[in-house]
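J.: See protein-v8.pdb below, with PDB, C-alpha atoms, pLDDT in the B column.
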ATOM      1  CA  ILE A  42      10.449  18.348   6.332  1.00 94.00           C
ATOM      2  CA  TYR A  43       9.250  15.908   8.983  1.00 93.00           C
ATOM      3  CA  THR A  44       6.869  13.306   7.588  1.00 92.00           C
ATOM      4  CA  ILE A  45       4.971  11.681  10.442  1.00 89.00           C
ATOM      5  CA  ASP A  46       1.367  10.626  11.035  1.00 88.00           C
ATOM      6  CA  ASN A  47      -1.110  13.412  11.772  1.00 91.00           C
ATOM      7  CA  GLY A  48      -1.377  12.385  15.420  1.00 88.00           C
ATOM      8  CA  GLN A  49       2.117  13.793  16.000  1.00 91.00           C
ATOM      9  CA  GLU A  50       1.434  17.248  14.568  1.00 94.00           C
ATOM     10  CA  SER A  51       1.011  19.153  17.855  1.00 95.00           C
ATOM     11  CA  HIS A  52       4.118  17.510  19.306  1.00 96.00           C
ATOM     12  CA  MET A  53       6.198  18.443  16.252  1.00 96.00           C
ATOM     13  CA  ARG A  54       4.873  22.025  16.263  1.00 95.00           C
ATOM     14  CA  MET A  55       6.026  22.340  19.894  1.00 96.00           C
ATOM     15  CA  VAL A  56       9.462  20.911  19.017  1.00 96.00           C
ATOM     16  CA  PHE A  57       9.760  23.390  16.140  1.00 96.00           C
ATOM     17  CA  GLU A  58       8.828  26.263  18.466  1.00 95.00           C
ATOM     18  CA  VAL A  59      11.426  25.206  21.050  1.00 96.00           C
ATOM     19  CA  ALA A  60      14.095  24.927  18.335  1.00 96.00           C
ATOM     20  CA  GLU A  61      13.236  28.403  17.070  1.00 94.00           C
ATOM     21  CA  ARG A  62      13.264  29.984  20.543  1.00 95.00           C
ATOM     22  CA  ALA A  63      16.559  28.286  21.368  1.00 96.00           C
ATOM     23  CA  GLY A  64      18.108  29.763  18.224  1.00 95.00           C
ATOM     24  CA  TRP A  65      18.989  26.395  16.732  1.00 95.00           C
ATOM     25  CA  LEU A  66      17.398  27.053  13.332  1.00 94.00           C
ATOM     26  CA  LYS A  67      19.671  29.905  12.185  1.00 92.00           C
ATOM     27  CA  GLY A  68      17.430  30.891   9.267  1.00 89.00           C
ATOM     28  CA  ARG A  69      16.397  27.341   8.417  1.00 93.00           C
ATOM     29  CA  ARG A  70      12.773  26.285   8.239  1.00 93.00           C
ATOM     30  CA  LEU A  71      11.151  23.193   9.760  1.00 95.00           C
ATOM     31  CA  ASP A  72       7.963  21.826   8.223  1.00 95.00           C
ATOM     32  CA  PHE A  73       5.545  19.130   9.294  1.00 95.00           C
ATOM     33  CA  MET A  74       4.036  16.971   6.544  1.00 94.00           C
ATOM     34  CA  GLY A  75       1.439  14.721   8.128  1.00 92.00           C
ATOM     35  CA  PHE A  76      -0.330  11.699   6.761  1.00 91.00           C
ATOM     36  CA  GLY A  77      -3.211   9.477   7.830  1.00 89.00           C
ATOM     37  CA  LEU A  78      -2.726   6.224   9.671  1.00 86.00           C
ATOM     38  CA  VAL A  79      -2.292   2.960   7.840  1.00 82.00           C
ATOM     39  CA  GLN A  80      -4.407   0.431   9.703  1.00 84.00           C
ATOM     40  CA  GLY A  81      -4.624  -3.321   9.556  1.00 81.00           C
ATOM     41  CA  GLU A  82      -7.806  -5.061   8.425  1.00 82.00           C
ATOM     42  CA  ASP A  83      -8.913  -5.045  12.069  1.00 84.00           C
ATOM     43  CA  GLY A  84      -8.757  -1.226  12.143  1.00 83.00           C
ATOM     44  CA  LYS A  85      -5.795  -1.100  14.520  1.00 83.00           C
ATOM     45  CA  LYS A  86      -2.837   1.171  13.780  1.00 82.00           C
ATOM     46  CA  LEU A  87       0.177  -0.552  12.253  1.00 76.00           C
ATOM     47  CA  LYS A  88       3.060   0.252  14.588  1.00 73.00           C
ATOM     48  CA  THR A  89       6.611   0.230  13.315  1.00 70.00           C
ATOM     49  CA  ARG A  90       8.343   0.406  16.695  1.00 73.00           C
ATOM     50  CA  SER A  91       6.652  -2.692  18.060  1.00 72.00           C
ATOM     51  CA  GLY A  92       7.491  -4.612  14.900  1.00 70.00           C
ATOM     52  CA  ASP A  93       3.780  -5.213  14.337  1.00 68.00           C
ATOM     53  CA  VAL A  94       3.875  -4.364  10.635  1.00 72.00           C
ATOM     54  CA  VAL A  95       3.664  -6.134   7.335  1.00 74.00           C
ATOM     55  CA  ARG A  96       6.918  -5.864   5.418  1.00 82.00           C
ATOM     56  CA  LEU A  97       6.635  -4.609   1.844  1.00 85.00           C
ATOM     57  CA  LYS A  98       8.050  -7.857   0.420  1.00 91.00           C
ATOM     58  CA  GLU A  99       5.458  -9.862   2.360  1.00 87.00           C
ATOM     59  CA  LEU A 100       2.701  -7.511   1.225  1.00 87.00           C
ATOM     60  CA  LEU A 101       3.692  -7.796  -2.451  1.00 91.00           C
ATOM     61  CA  ASP A 102       4.191 -11.568  -2.235  1.00 93.00           C
ATOM     62  CA  GLU A 103       0.756 -12.050  -0.642  1.00 89.00           C
ATOM     63  CA  ALA A 104      -0.898  -9.813  -3.251  1.00 90.00           C
ATOM     64  CA  ALA A 105       0.766 -11.793  -6.059  1.00 93.00           C
ATOM     65  CA  THR A 106      -0.221 -15.122  -4.461  1.00 93.00           C
ATOM     66  CA  ARG A 107      -3.856 -14.055  -4.148  1.00 90.00           C
ATOM     67  CA  ALA A 108      -3.874 -12.656  -7.684  1.00 91.00           C
ATOM     68  CA  GLU A 109      -2.421 -15.928  -8.991  1.00 92.00           C
ATOM     69  CA  ALA A 110      -5.083 -17.960  -7.196  1.00 90.00           C
ATOM     70  CA  GLU A 111      -7.794 -15.801  -8.766  1.00 87.00           C
ATOM     71  CA  LEU A 112      -6.219 -16.048 -12.237  1.00 88.00           C
ATOM     72  CA  ARG A 113      -5.958 -19.830 -11.955  1.00 88.00           C
ATOM     73  CA  LYS A 114      -9.585 -20.073 -10.860  1.00 88.00           C
ATOM     74  CA  ARG A 115     -10.690 -17.964 -13.825  1.00 83.00           C
ATOM     75  CA  ALA A 116      -8.450 -19.888 -16.260  1.00 81.00           C
ATOM     76  CA  GLU A 117      -9.910 -23.298 -15.370  1.00 81.00           C
ATOM     77  CA  GLY A 118     -11.657 -24.725 -18.389  1.00 69.00           C
ATOM     78  CA  ARG A 119     -10.956 -21.677 -20.555  1.00 69.00           C
ATOM     79  CA  GLU A 120      -7.495 -22.481 -21.811  1.00 59.00           C
ATOM     80  CA  THR A 121      -5.764 -25.461 -23.254  1.00 58.00           C
ATOM     81  CA  PRO A 122      -4.355 -27.905 -20.705  1.00 59.00           C
ATOM     82  CA  ALA A 123      -0.889 -27.161 -19.334  1.00 54.00           C
ATOM     83  CA  THR A 124       0.507 -30.087 -21.332  1.00 58.00           C
ATOM     84  CA  GLU A 125      -0.479 -28.307 -24.565  1.00 70.00           C
ATOM     85  CA  ASP A 126       0.715 -24.888 -23.360  1.00 71.00           C
ATOM     86  CA  PRO A 127       3.980 -25.276 -21.415  1.00 77.00           C
ATOM     87  CA  ASP A 128       4.234 -21.488 -20.863  1.00 85.00           C
ATOM     88  CA  ARG A 129       0.832 -21.233 -19.180  1.00 84.00           C
ATOM     89  CA  ASP A 130       2.096 -21.486 -15.586  1.00 87.00           C
ATOM     90  CA  ALA A 131       4.931 -19.031 -16.156  1.00 90.00           C
ATOM     91  CA  ARG A 132       2.542 -16.613 -17.852  1.00 90.00           C
ATOM     92  CA  LEU A 133       0.033 -16.891 -14.996  1.00 90.00           C
ATOM     93  CA  ARG A 134       2.746 -16.269 -12.396  1.00 92.00           C
ATOM     94  CA  ALA A 135       4.106 -13.261 -14.312  1.00 94.00           C
ATOM     95  CA  ASN A 136       0.635 -11.778 -14.751  1.00 93.00           C
ATOM     96  CA  ALA A 137      -0.170 -12.383 -11.088  1.00 93.00           C
ATOM     97  CA  GLU A 138       3.028 -10.602 -10.063  1.00 94.00           C
ATOM     98  CA  GLN A 139       2.131  -7.590 -12.202  1.00 93.00           C
ATOM     99  CA  ILE A 140      -1.444  -7.486 -10.951  1.00 92.00           C
ATOM    100  CA  GLY A 141      -0.405  -7.897  -7.318  1.00 92.00           C
ATOM    101  CA  VAL A 142       2.196  -5.107  -7.437  1.00 93.00           C
ATOM    102  CA  ALA A 143      -0.172  -2.820  -9.355  1.00 93.00           C
ATOM    103  CA  ALA A 144      -2.950  -3.506  -6.843  1.00 92.00           C
ATOM    104  CA  VAL A 145      -0.789  -2.518  -3.868  1.00 91.00           C
ATOM    105  CA  LYS A 146       0.581   0.599  -5.576  1.00 92.00           C
ATOM    106  CA  TYR A 147      -2.789   1.789  -6.808  1.00 92.00           C
ATOM    107  CA  PHE A 148      -4.497   1.131  -3.478  1.00 90.00           C
ATOM    108  CA  ASP A 149      -1.873   3.128  -1.613  1.00 88.00           C
ATOM    109  CA  LEU A 150      -1.696   6.026  -4.067  1.00 90.00           C
ATOM    110  CA  ARG A 151      -5.460   6.467  -4.457  1.00 90.00           C
ATOM    111  CA  GLN A 152      -5.861   7.313  -0.768  1.00 88.00           C
ATOM    112  CA  ASN A 153      -6.048  10.896   0.439  1.00 90.00           C
ATOM    113  CA  ARG A 154      -2.754  11.647   2.177  1.00 89.00           C
ATOM    114  CA  ASN A 155      -4.496  12.991   5.278  1.00 91.00           C
ATOM    115  CA  SER A 156      -7.077  10.226   5.653  1.00 91.00           C
ATOM    116  CA  ASP A 157      -6.620   7.034   7.643  1.00 90.00           C
ATOM    117  CA  TYR A 158      -7.126   3.863   5.660  1.00 85.00           C
ATOM    118  CA  ARG A 159      -7.334   0.130   6.222  1.00 87.00           C
ATOM    119  CA  CYS A 160      -4.893  -2.077   4.381  1.00 83.00           C
ATOM    120  CA  SER A 161      -7.072  -4.885   3.005  1.00 84.00           C
ATOM    121  CA  PHE A 162      -6.082  -7.481   0.414  1.00 84.00           C
ATOM    122  CA  ASP A 163      -9.730  -8.046  -0.455  1.00 85.00           C
ATOM    123  CA  ALA A 164     -10.178  -4.329  -1.194  1.00 86.00           C
ATOM    124  CA  MET A 165      -6.882  -4.146  -3.121  1.00 86.00           C
ATOM    125  CA  LEU A 166      -7.651  -7.120  -5.335  1.00 85.00           C
ATOM    126  CA  ASP A 167     -11.359  -6.468  -5.854  1.00 85.00           C
ATOM    127  CA  PRO A 168     -12.122  -6.740  -9.577  1.00 82.00           C
ATOM    128  CA  LYS A 169     -14.889  -4.144  -9.188  1.00 84.00           C
ATOM    129  CA  GLY A 170     -14.658  -0.483  -8.252  1.00 85.00           C
ATOM    130  CA  ASN A 171     -11.732   1.886  -7.953  1.00 88.00           C
ATOM    131  CA  THR A 172      -8.926  -0.699  -7.995  1.00 88.00           C
ATOM    132  CA  ALA A 173      -5.932  -1.534 -10.162  1.00 89.00           C
ATOM    133  CA  VAL A 174      -7.476  -4.903 -11.006  1.00 86.00           C
ATOM    134  CA  TYR A 175     -10.524  -3.155 -12.473  1.00 86.00           C
ATOM    135  CA  VAL A 176      -8.406  -0.602 -14.350  1.00 87.00           C
ATOM    136  CA  LEU A 177      -6.183  -3.346 -15.818  1.00 85.00           C
ATOM    137  CA  TYR A 178      -9.222  -5.421 -16.758  1.00 82.00           C
ATOM    138  CA  ALA A 179     -10.894  -2.415 -18.427  1.00 81.00           C
ATOM    139  CA  TYR A 180      -7.674  -1.654 -20.309  1.00 80.00           C
TER     140      TYR A 180
END
What would the structure in this file look like if it were written as structure tokens?

T.:
Amino acid sequence: IYTIDNGQESHMRMVFEVAERAGWLKGRRLDFMGFGLVQGEDGKKLKTRSGDVVRLKELLDEAATRAEAELRKRAEGRETPATEDPDRDARLRANAEQIGVAAVKYFDLRQNRNSDYRCSFDAMLDPKGNTAVYVLYAY
């Protein structure tokens, strides 16, 4: 099973046909499993060969950082000062990590496999709509 973006489907079908005609398959089957393009916020295709991609660690770290900033903003004036609650910062960081990871996972998994989509932190971390942040908040 070859899993490549949908733009490569005709090329892979031709490769499969050549392999079959050449007798290289010997009863084996080749399948193409396409998927839509993952695009940056600017709408341009993220390209792995050129190195113009966001690494998963960077993506998760950025999501957690943005989630933490939002949690801190919302917590201002609502909780006891940090001097009275020494675990507050650790709790905020842990919650932000969970929210950030959940946001990235949910955003990726909610997409149709065949559709192109834009990778946007604002869309991932939106507290309204079909997002992990909304689902967690509702829960």

J.: Since I can't run it myself right now, could you work out what the PyMOL selection byres ((chain A and resi 160-173) around 7) selects here and report it as a PyMOL selection string?

T.: chain A and resi 79-82+104+143-145+147-148+158-159+174-177

J.: List the spatial neighbours of A:Ile42 as a PyMOL selection string - criterion: any atom at most 8 Å away, only C-alpha atoms, same-chain residues fewer than 4 positions off excluded.

T.: chain A and resi 71-74

J.: Can you work out the spacing between atom CA of A:Met53 and atom CA of A:Ser156 in Å, to one decimal?

T.: 18.9 Å

J.: For atom CA of A:Glu99 and atom CA of A:Gly75, determine how far apart the two atoms are, in Å to one decimal place.

T.: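 Result for atom CA of A:Glu99 versus atom CA of A:Gly75: 25.6 Å, one decimal.
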
J.: Pick the closest to A:Asp149 from A:Arg132, A:Pro127, A:Gly77, A:Leu112: which is it, counting only C-alpha atoms?

T.: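 Of all the options, A:Gly77 lies closest to A:Asp149.
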
J.: Between atom CA of A:Arg129 and atom CA of A:Asp102, what is the distance, to one decimal in Å?

T.: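 Rounded to one decimal, the two atoms are 19.8 Å apart.
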
J.: Convert the output of the PyMOL selection byres ((chain A and resi 106) around 12) on the shown file into explicit residues, formatted as a ChimeraX atom specification.

T.: /A:99-105,107-113,133-142,162,166

J.: Written as a VMD selection string, which residues does the PyMOL selection byres ((chain A and resi 76) around 9) give for the file shown?

T.: chain A and resid 44 to 48 74 to 75 77 to 78 153 to 157

J.: As lines of an AutoDock Vina configuration file, please: the centre and edge lengths in Å, to one decimal, of an axis-aligned box enclosing every listed atom of stretch 147-155 of chain A with 4 Å added on each side.

T.:
center_x = -3.9
center_y = 7.1
center_z = -0.8
size_x = 12.4
size_y = 19.9
size_z = 20.1
